[in-house]
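> Encoded as structure tokens, here's the structure I'll be asking about.
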Amino acid sequence: MTTADAFSVESGQGRYRVEPFERIDGLFAEIGRIDHAVLVADERIVELFAEPFRTLGATLIHRVAATEREKTLAGVERTLLAMQAAGANKKTVVVGVGGGIVQDVAALASHLWYRGVEFVFVPTTLLAMADSCIGAKSAVNLGAFKNQVGTFQAPSRVLVCPRFVDTLPDDDVRSGYGEIVKLAIIDSAQRFFAVRDDVEGTGFRGPHLGRNIRASLETKRRIIEIDEYERDLRRILNYGHTFGHALESVTGNGVPHGLAVAWGVDVANFVAMRRTILDHATYAEIHRFLKAVFSLKLPAAYDAPQLIAAMRRDKKAYDGTINLILPHGLGDVRVVPAAIDAELESQIGEYLRSDDIFGR
Ligand SMILES: NC(=O)c1ccc[n+]([C@@H]2O[C@H](COP(=O)([O-])OP(=O)(O)OC[C@H]3O[C@@H](n4cnc5c(N)ncnc54)[C@H](O)[C@@H]3O)[C@@H](O)[C@H]2O)c1
Ligand SMILES: [Zn+2]
């Protein structure tokens, strides 16, 4: 991603720009130029980048622990209280610096403060750079349920620097690639094979990183510009998520989100193959790649009845049915309404016994 690659996203709340930076110091200089900025940042990022934070004109008002426990209304309230203590007003621009957790907490706080002030997001995880930073969704957890309360509100700017990935732990880099692979399969055969060859050629941190971030955002932009509010087409972005969320739920969030998505993509493909929607060769091609690069030894055990029970509790399930997002081929992922029934349970069971990519 180079500066020449800046692009805009059309949103119901106006157009916003995604601005790439080659260097972290250049990005911090830009943050320093934002008038009325208050910074809400991941505490780990504040430690890692202490020097650039010190030199910044903008005020760091709140450090967020990047945990699902902090991604709650209580976490949003702590951010709002910090804004209040810092004398925030109607002109305040909230600048969130961190991954998806900081994005959700800071975005929601900015939407609630005086019924909404500007939100600038600086994604520092690969998942946030390649996927969550555009699309206007923000939500926090409520009780035992993830992402149950939230809003649709677009950021006013997104500042992206792929160099943040240099300090990101390997599991978080792989997690980001889970969403990148999801978007590549949604996009086209060409994109899937390009990502596969990049990763198999030079690993997750290869020189292709900026290109794959950009291509993922392009795919997502194409979809959200048609359906920002998830009435129809946007639901295909949940590919891998129905099963992935069930796995996150039964393992008590013991799997990084994007790895749960990669696993969920493989389960969706298996179910599509068993329902003769997807041909066996395409299933096997994707499966081989996912198993080679996304395998994970999970401490927690899980089985098909537990996963089915979690799917019934999913906020998108209704009356025992759910929209499965199933591939009909590479570049052809569709919404297929389905019952959460014995047939689905048996297909998940068969997947777990056959060749679960997490290879328990
Ligand atoms: N709003 C949306 O559209 C959307 C989309 C997808 C996911 N999400 C949410 O995002 C959350 C997951 O976010 P995530 O995967 O981006 O990660 P995260 O925010 O949970 O951060 C993961 C870890 O990486 C650390 N970290 C962040 N940047 C770093 C860096 N550059 N160097 C070193 N460490 C760094 C964090 O401190 C944390 O320990 C979930 O809660 C998920 O529900 C939201
Ligand atoms: Zn996701």
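Chain labels run A, B, ... following the order of the structure tokens; each chain numbers its residues from 1, and ligands are numbered from 1 in the order shown.
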As JSON, numbers by chain, please: every protein or nucleic acid residue near ligand 1 (cut-off 9 Å, counting only C-alpha atoms and all ligand atoms).
{"A": [42, 43, 44, 45, 48, 64, 65, 66, 67, 68, 71, 97, 98, 99, 100, 101, 102, 103, 104, 107, 123, 124, 125, 126, 127, 128, 129, 131, 132, 133, 134, 135, 136, 137, 138, 139, 140, 141, 146, 147, 162, 163, 164, 165, 166, 167, 168, 169, 172, 173, 175, 176, 179, 256, 257, 258]}
> Would you list the contacts of stretch 277-284 of chain A as a PyMOL selection string, taking every protein, DNA or RNA residue within 12 Å and counting only C-alpha atoms, but skipping same-chain residues closer than 6 positions in sequence?
chain A and resi 185+189+192-193+265-271+290-291+325-336+355+357
> Using only C-alpha atoms, can you tell me which of A:Glu343, A:Leu81, A:Gly150, A:Val160 comes closest to A:Leu27?
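Of the candidates, the smallest distance to A:Leu27 is held by A:Val160.
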> Nearest residue to A:Thr151 out of A:Ala292, A:Val195, A:Val105, A:Val181, using only C-alpha atoms?
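Nearest to A:Thr151: A:Val105.
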> Point out the residue among A:His62, A:Lys297, A:Arg157, A:Arg115 with the least atom-to-atom distance to A:Asp356, counting only C-alpha atoms.
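Once distances to A:Asp356 are computed over only C-alpha atoms, the minimum belongs to A:Lys297.
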> For each of A:Ala272, A:Ala310, A:Ile180, A:Leu217, take the minimum atom-to-atom distance to ligand 2, counting only C-alpha atoms and all ligand atoms, then give the residue where this is smallest.
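The answer is A:Ile180, which sits nearest to ligand 2.
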> Could you pull out the residues in stretch 92-339 of chain A that DSSP calls alpha helix (DSSP H) from the backbone, as a ChimeraX atom specification?
/A:100-112,126-127,170-187,189-202,209-226,241-250,257-274,280-294,304-313
> Using DSSP on the backbone coordinates, identify all residues within stretch 63-301 of chain A classified as strand (DSSP E); present the result as a PyMOL selection string.
chain A and resi 63-64+93-98+118-123+137-142+145-152+157-160
> Could you tell me how far atom CA of A:Ile286 lies from atom CA of A:Arg274, in Å and to one decimal?
15.1 Å
> As an exercise, work out the distance from atom CA of A:Leu39 to atom CA of A:Phe152 in Å and give it to one decimal place.
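Spanning atom CA of A:Leu39 to atom CA of A:Phe152 is a straight-line distance of 21.2 Å.
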